[in-house]
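Engineer: Quick one: this structure, given as structure tokens, is what I'll be asking you about.
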Amino acid sequence: MPSSPFPPSPLTADALSAIYRQMVLIRRFEEQVQRFARSGLTAGLVHLCSGQEATAVGVCHLMRPDDYLASSHRGHGHSLAKGMRPDRLMAEILGKADGYCGGRGGSMHVSDPALGHLGTNGIVGGGIPLAAGAALAARQAGTRQLAVCFFGDGALNQGITFEVMNMAALWKLPVVFVCENNGYGEYTALEDVTAGSRLAARGEVFDIDTREVDGMNVLDVLRTVEQAFARARSGGGPSLLIAHTYRYSGHHVNDQQDYKAADDIEQWQQKDPIQQFKRHLLEQGLASAATLDALEQAVAQDIQAAADFAKAAADPSPESLSTHVYAE
């Protein structure tokens with residue numbers, strides 16, 4: 001999907017700088033996790049989201065602290081954008097006791113109820129019913145909370161997705177479905193496994209307000225999400241966003257991506273969401289080069305501190321093996 005022009009932004013210069021910093025933080029976090037994984041410090045597969053920062057930050061920037069979020073297996077960016085601390089999240093990925101779930105959840109099952117984070121999820125589409133359930137609870141409680149669920153294009157072919165969308169539309173639940181279409185399900189191109197030329201039709205058939213958005217353009221995401229959130233909070237029901245984006249890493253950290261064409265990778269890298277946004281800030285005079293350089297240096301220090309914290313953190317004690325397994 002070609003990059004759409006940046007819309008005029010109503011956000012303050014400070015807010016825009018904060019958005020840029022959050023996107024850079026996610027990218028540097030993922031680069032550090034990749035280094036850990038290649039050094040053998042992570043257990044199991046790790047799925048990185050480099051290239052998809054604009055969707056995570058664009059959506060989560062407008063969420064209230066008490067809103068709910070359900071994520072996918074590629075969820076580090078969503079978690080950081082919702083407010084998780086880099087040091088504790090990194091410790092969780094390394095399986096350390098100081099992680100958010102005491103080292104038990106790891107990359108694909110980390111959560112934080114205090115942040116409204118219902119969890120990353122190793123099951124394709126597994127977070128979709130969690131978000132709808134949270135949205136139902138919020139509506140029954142009479143709050144103006146909403147729920148967001150992130151999932152990949154592969155989840156659009158899951159039966160649970162259609163069941164949940166049907167119920168969410170019938171009950172007008174305050175839930176926003178965000179499909180991050182990065183073009184691949186594991187190692188297979190979208191067009192090889194997905195029938196139908198329009199992904200948006202998946203939501204439209206349920207009369208869900210469905211929009212396609214440039215997932216490499218954070219301001220485009222912000223503008224579209226703002227409308228979806230307003231609809232949800234006012235009782236207008238669910239929305240579906242199809243964010244066309246790209247993952248620079250493989251399906252998991254050791255995936256060599258032999259199935260991707262070199263010219264395709266190059267074209268998407270030219271639309272890098274961080275560099276694209278940086279150019280916009282500089283060209284529009286919304287931030288100076290010195291300001292952005294300082295933000296990048298601060299992020300580098302934060303990530304180094306998080307890495308040091310995670311490496312130094314203790315492993316879970318053997319005595320805690322049955323903790324949170326059996327009801328007391």
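Chain labels A, B, ... are given in the sequence in which chains occur in the structure tokens; within each chain residues are numbered consecutively from 1, and ligands are likewise numbered from 1 in the order shown.
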Which residues are close to Arg27 of chain A, i.e. within 12 Å by only C-alpha atoms, leaving aside same-chain residues fewer than 3 positions away? Reply as JSON, numbers by chain.

Structural biologist: {"A": [20, 21, 22, 23, 24, 30, 31, 32, 33, 34, 48, 49, 50, 51, 52, 53, 54, 56, 57, 76, 77, 78, 80, 81, 86, 247, 248, 249, 272, 273, 274, 275, 296, 299, 300, 303]}

Engineer: Enumerate as a ChimeraX atom specification all residues of segment 117-199 of chain A assigned to helix (DSSP H, G or I) by DSSP on the backbone, naming them with the chain letters and numbers the document uses.

Structural biologist: /A:127-141,153-157,159-171,190-193

Engineer: Please, could you write that set of residues out with C-alpha atoms as an mmCIF file, in the first residue's frame?

Structural biologist:
```cif
data_model
loop_
_atom_site.group_PDB
_atom_site.id
_atom_site.type_symbol
_atom_site.label_atom_id
_atom_site.label_comp_id
_atom_site.auth_asym_id
_atom_site.auth_seq_id
_atom_site.Cartn_x
_atom_site.Cartn_y
_atom_site.Cartn_z
ATOM 1 C CA GLY A 127 -6.521 -12.306 22.074
ATOM 2 C CA ILE A 128 -9.616 -11.423 20.044
ATOM 3 C CA PRO A 129 -12.207 -13.004 22.397
ATOM 4 C CA LEU A 130 -10.312 -11.671 25.428
ATOM 5 C CA ALA A 131 -10.698 -8.115 24.176
ATOM 6 C CA ALA A 132 -14.364 -8.602 23.358
ATOM 7 C CA GLY A 133 -14.989 -10.039 26.807
ATOM 8 C CA ALA A 134 -13.276 -7.072 28.441
ATOM 9 C CA ALA A 135 -15.342 -4.714 26.277
ATOM 10 C CA LEU A 136 -18.527 -6.481 27.364
ATOM 11 C CA ALA A 137 -17.509 -6.177 31.022
ATOM 12 C CA ALA A 138 -16.795 -2.461 30.569
ATOM 13 C CA ARG A 139 -20.170 -1.859 28.974
ATOM 14 C CA GLN A 140 -21.985 -3.803 31.694
ATOM 15 C CA ALA A 141 -20.145 -1.764 34.321
ATOM 16 C CA ASP A 153 -3.443 -11.111 8.891
ATOM 17 C CA GLY A 154 -3.441 -14.859 9.543
ATOM 18 C CA ALA A 155 -6.068 -14.402 12.258
ATOM 19 C CA LEU A 156 -8.525 -13.123 9.649
ATOM 20 C CA ASN A 157 -8.886 -16.756 8.566
ATOM 21 C CA GLY A 159 -13.254 -19.053 12.910
ATOM 22 C CA ILE A 160 -13.077 -17.467 16.367
ATOM 23 C CA THR A 161 -12.484 -14.111 14.686
ATOM 24 C CA PHE A 162 -15.793 -14.265 12.831
ATOM 25 C CA GLU A 163 -17.709 -15.491 15.887
ATOM 26 C CA VAL A 164 -16.386 -12.633 17.991
ATOM 27 C CA MET A 165 -16.942 -9.976 15.314
ATOM 28 C CA ASN A 166 -20.521 -11.166 14.885
ATOM 29 C CA MET A 167 -21.273 -10.891 18.608
ATOM 30 C CA ALA A 168 -19.395 -7.602 18.986
ATOM 31 C CA ALA A 169 -21.455 -6.093 16.176
ATOM 32 C CA LEU A 170 -24.754 -7.429 17.528
ATOM 33 C CA TRP A 171 -24.038 -6.135 21.033
ATOM 34 C CA LEU A 190 -0.840 -13.588 2.398
ATOM 35 C CA GLU A 191 -2.151 -14.112 -1.135
ATOM 36 C CA ASP A 192 -1.240 -17.813 -1.027
ATOM 37 C CA VAL A 193 -3.504 -18.597 1.935
#
```

Engineer: Can you list, as number ranges by chain, every protein, DNA or RNA residue that comes within 6 Å of segment 232-241 of chain A when you count only C-alpha atoms, leaving out same-chain residues fewer than 6 positions away?

Structural biologist: A: 144, 172-178, 208-212

Engineer: Restricting it to N, CA and C atoms, dump the selection as a CSV table (one decimal), in the first residue's frame.

Structural biologist:
```csv
chain,number,residue,atom,x,y,z
A,144,ARG,N,-16.6,4.1,30.4
A,144,ARG,CA,-16.3,4.5,29.0
A,144,ARG,C,-15.0,3.9,28.6
A,172,LYS,N,-22.9,-4.3,19.9
A,172,LYS,CA,-22.3,-2.9,19.9
A,172,LYS,C,-21.2,-2.7,21.0
A,173,LEU,N,-20.3,-3.7,21.0
A,173,LEU,CA,-19.3,-3.6,22.1
A,173,LEU,C,-18.3,-2.6,21.8
A,174,PRO,N,-17.7,-1.9,22.8
A,174,PRO,CA,-16.7,-0.9,22.6
A,174,PRO,C,-15.3,-1.6,22.4
A,175,VAL,N,-15.1,-2.2,21.3
A,175,VAL,CA,-13.9,-3.0,21.0
A,175,VAL,C,-13.4,-2.5,19.6
A,176,VAL,N,-12.1,-2.4,19.5
A,176,VAL,CA,-11.4,-2.0,18.2
A,176,VAL,C,-10.5,-3.1,17.8
A,177,PHE,N,-10.8,-3.8,16.7
A,177,PHE,CA,-10.0,-4.8,16.2
A,177,PHE,C,-8.9,-4.2,15.3
A,178,VAL,N,-7.7,-4.5,15.5
A,178,VAL,CA,-6.6,-4.0,14.7
A,178,VAL,C,-5.8,-5.1,14.1
A,208,ILE,N,-19.5,-3.8,10.5
A,208,ILE,CA,-18.6,-3.2,11.3
A,208,ILE,C,-17.9,-2.1,10.5
A,209,ASP,N,-17.7,-0.9,11.1
A,209,ASP,CA,-17.0,0.2,10.4
A,209,ASP,C,-15.6,-0.3,10.2
A,210,THR,N,-15.1,-0.4,9.0
A,210,THR,CA,-13.8,-0.9,8.7
A,210,THR,C,-13.0,0.0,7.8
A,211,ARG,N,-11.8,0.3,8.2
A,211,ARG,CA,-10.9,1.2,7.5
A,211,ARG,C,-9.6,0.6,7.3
A,212,GLU,N,-9.0,0.8,6.1
A,212,GLU,CA,-7.7,0.5,5.8
A,212,GLU,C,-6.8,1.7,6.0
```

Engineer: With distances taken over only C-alpha atoms, which of A:Gly105, A:Gly185, A:Gly152, A:Gly99 is nearest to Lys311 of chain A?

Structural biologist: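 Nearest candidate to Lys311 of chain A out of A:Gly105, A:Gly185, A:Gly152, A:Gly99: A:Gly99.
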
Engineer: Within 9 Å of segment 285-292 of chain A, counting only C-alpha atoms, which residues show up once you throw out same-chain ones fewer than 5 positions away? Write them as a short mmCIF file (atom, residue, chain, number, x, y, z; two decimals) with N, CA and C atoms, in the first residue's frame, please.

Structural biologist:
```cif
data_model
loop_
_atom_site.label_atom_id
_atom_site.label_comp_id
_atom_site.auth_asym_id
_atom_site.auth_seq_id
_atom_site.Cartn_x
_atom_site.Cartn_y
_atom_site.Cartn_z
N THR A 12 0.56 18.48 20.00
CA THR A 12 1.60 19.44 20.34
C THR A 12 2.97 18.88 19.94
N ALA A 13 3.95 19.78 19.88
CA ALA A 13 5.30 19.35 19.54
C ALA A 13 5.82 18.36 20.57
N ASP A 14 5.48 18.58 21.84
CA ASP A 14 5.93 17.65 22.89
C ASP A 14 5.31 16.27 22.69
N LEU A 16 4.27 14.96 19.87
CA LEU A 16 4.87 14.34 18.69
C LEU A 16 6.26 13.79 19.00
N SER A 17 7.01 14.53 19.80
CA SER A 17 8.34 14.05 20.19
C SER A 17 8.23 12.80 21.05
N TYR A 20 7.56 9.90 18.77
CA TYR A 20 8.81 9.51 18.10
C TYR A 20 9.70 8.71 19.05
N ARG A 21 9.81 9.19 20.28
CA ARG A 21 10.65 8.50 21.26
C ARG A 21 10.14 7.08 21.51
N LYS A 278 10.38 10.89 11.31
CA LYS A 278 11.46 11.83 11.63
C LYS A 278 11.57 12.91 10.56
N HIS A 280 9.25 13.97 8.64
CA HIS A 280 8.08 14.85 8.77
C HIS A 280 8.29 15.87 9.88
N GLN A 297 19.54 9.25 21.98
CA GLN A 297 20.60 8.92 22.93
C GLN A 297 20.01 8.48 24.28
#
```

Engineer: List the neighbours of Ser317 of chain A out to 10 Å using only C-alpha atoms; skip same-chain residues closer than 6 positions along the sequence, and give me the result as a ChimeraX atom specification.

Structural biologist: /A:96-97,102

Engineer: Which parts of segment 48-156 of chain A does DSSP call strand (DSSP E) when run on the backbone here, written out as an MDAnalysis selection string?

Structural biologist: chainID A and resid 68:70 117:119 147:152

Engineer: Output N, CA and C atoms for every residue in that selection, as a PDB file, in the first residue's frame.

Structural biologist:
```pdb
ATOM      1  N   TYR A  68      -8.423  -1.576  27.945  1.00  0.00           N
ATOM      2  CA  TYR A  68      -7.885  -2.934  27.878  1.00  0.00           C
ATOM      3  C   TYR A  68      -7.167  -3.172  26.553  1.00  0.00           C
ATOM      4  N   LEU A  69      -6.135  -3.993  26.619  1.00  0.00           N
ATOM      5  CA  LEU A  69      -5.380  -4.356  25.427  1.00  0.00           C
ATOM      6  C   LEU A  69      -5.130  -5.858  25.416  1.00  0.00           C
ATOM      7  N   ALA A  70      -5.395  -6.484  24.288  1.00  0.00           N
ATOM      8  CA  ALA A  70      -5.039  -7.884  24.082  1.00  0.00           C
ATOM      9  C   ALA A  70      -4.106  -7.938  22.879  1.00  0.00           C
ATOM     10  N   HIS A 117      -3.457  -4.747  30.516  1.00  0.00           N
ATOM     11  CA  HIS A 117      -2.827  -5.578  29.488  1.00  0.00           C
ATOM     12  C   HIS A 117      -3.240  -7.026  29.722  1.00  0.00           C
ATOM     13  N   LEU A 118      -4.082  -7.549  28.842  1.00  0.00           N
ATOM     14  CA  LEU A 118      -4.630  -8.883  29.008  1.00  0.00           C
ATOM     15  C   LEU A 118      -3.676  -9.973  28.552  1.00  0.00           C
ATOM     16  N   GLY A 119      -2.586  -9.582  27.897  1.00  0.00           N
ATOM     17  CA  GLY A 119      -1.566 -10.560  27.561  1.00  0.00           C
ATOM     18  C   GLY A 119      -1.229 -10.636  26.089  1.00  0.00           C
ATOM     19  N   ALA A 147     -11.750  -1.653  24.595  1.00  0.00           N
ATOM     20  CA  ALA A 147     -10.734  -2.698  24.469  1.00  0.00           C
ATOM     21  C   ALA A 147     -10.198  -2.703  23.047  1.00  0.00           C
ATOM     22  N   VAL A 148      -8.913  -2.973  22.936  1.00  0.00           N
ATOM     23  CA  VAL A 148      -8.237  -3.072  21.652  1.00  0.00           C
ATOM     24  C   VAL A 148      -7.591  -4.442  21.558  1.00  0.00           C
ATOM     25  N   CYS A 149      -7.703  -5.074  20.412  1.00  0.00           N
ATOM     26  CA  CYS A 149      -6.942  -6.307  20.207  1.00  0.00           C
ATOM     27  C   CYS A 149      -6.144  -6.198  18.920  1.00  0.00           C
ATOM     28  N   PHE A 150      -4.884  -6.557  19.022  1.00  0.00           N
ATOM     29  CA  PHE A 150      -3.980  -6.611  17.874  1.00  0.00           C
ATOM     30  C   PHE A 150      -3.865  -8.057  17.409  1.00  0.00           C
ATOM     31  N   PHE A 151      -3.845  -8.246  16.102  1.00  0.00           N
ATOM     32  CA  PHE A 151      -3.629  -9.584  15.563  1.00  0.00           C
ATOM     33  C   PHE A 151      -3.089  -9.449  14.145  1.00  0.00           C
ATOM     34  N   GLY A 152      -2.502 -10.525  13.644  1.00  0.00           N
ATOM     35  CA  GLY A 152      -1.936 -10.506  12.307  1.00  0.00           C
ATOM     36  C   GLY A 152      -2.944 -10.893  11.250  1.00  0.00           C
TER      37      GLY A 152
END
```

Engineer: How many Å separate atom CA of Gly250 of chain A from atom CA of Ser71 of chain A?

Structural biologist: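 Atom CA of Ser71 of chain A lies 18.5 Å from atom CA of Gly250 of chain A.
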
Engineer: Would you mind reading off the distance between atom CA of Ile242 of chain A and atom CA of Asp112 of chain A, one decimal, in Å?

Structural biologist: 26.0 Å

Engineer: Could you check the closest approach to Leu199 of chain A for each of A:Ala298, A:Leu62, A:Val213, A:Ala15 and tell me which residue wins, using only C-alpha atoms?

Structural biologist: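 For Leu199 of chain A, the nearest of the given residues is A:Val213.
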
Engineer: Tell me which of A:Ala230, A:Ala18, A:Val221, A:Cys179 sits closest to Gly203 of chain A, counting only C-alpha atoms.

Structural biologist: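 Closest residue, counting only C-alpha atoms: A:Cys179.
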
Engineer: Please report the interatomic distance between atom CA of Gly75 of chain A and atom CA of Gln158 of chain A in Å with one decimal.

Structural biologist: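 So the two atoms, atom CA of Gly75 of chain A and atom CA of Gln158 of chain A, lie 18.8 Å apart.
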
Engineer: Compile the contact shell of Gly215 of chain A as a PDB file with C-alpha atoms, in the first residue's frame: residues with an atom at most 6 Å away, counting only C-alpha atoms, same-chain residues fewer than 6 positions apart removed.

Structural biologist:
```pdb
ATOM      1  CA  THR A  55       0.650   0.685  14.529  1.00  0.00           C
ATOM      2  CA  ALA A 243      -3.077  -1.611   9.009  1.00  0.00           C
ATOM      3  CA  HIS A 244      -0.804  -2.409   6.071  1.00  0.00           C
ATOM      4  CA  THR A 245       2.675  -2.737   7.519  1.00  0.00           C
TER       5      THR A 245
END
```

Engineer: What's the 6 Å shell around Asn121 of chain A, counting only C-alpha atoms, without same-chain residues fewer than 2 positions away, as a PyMOL selection string?

Structural biologist: chain A and resi 72-73+108-109+123

Engineer: From the list A:Val59, A:Arg104, A:Asp220, A:Asn181, which residue is nearest Ser320 of chain A when using only C-alpha atoms?

Structural biologist: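 Answer, going by the shortest atom-to-atom distance: A:Arg104.
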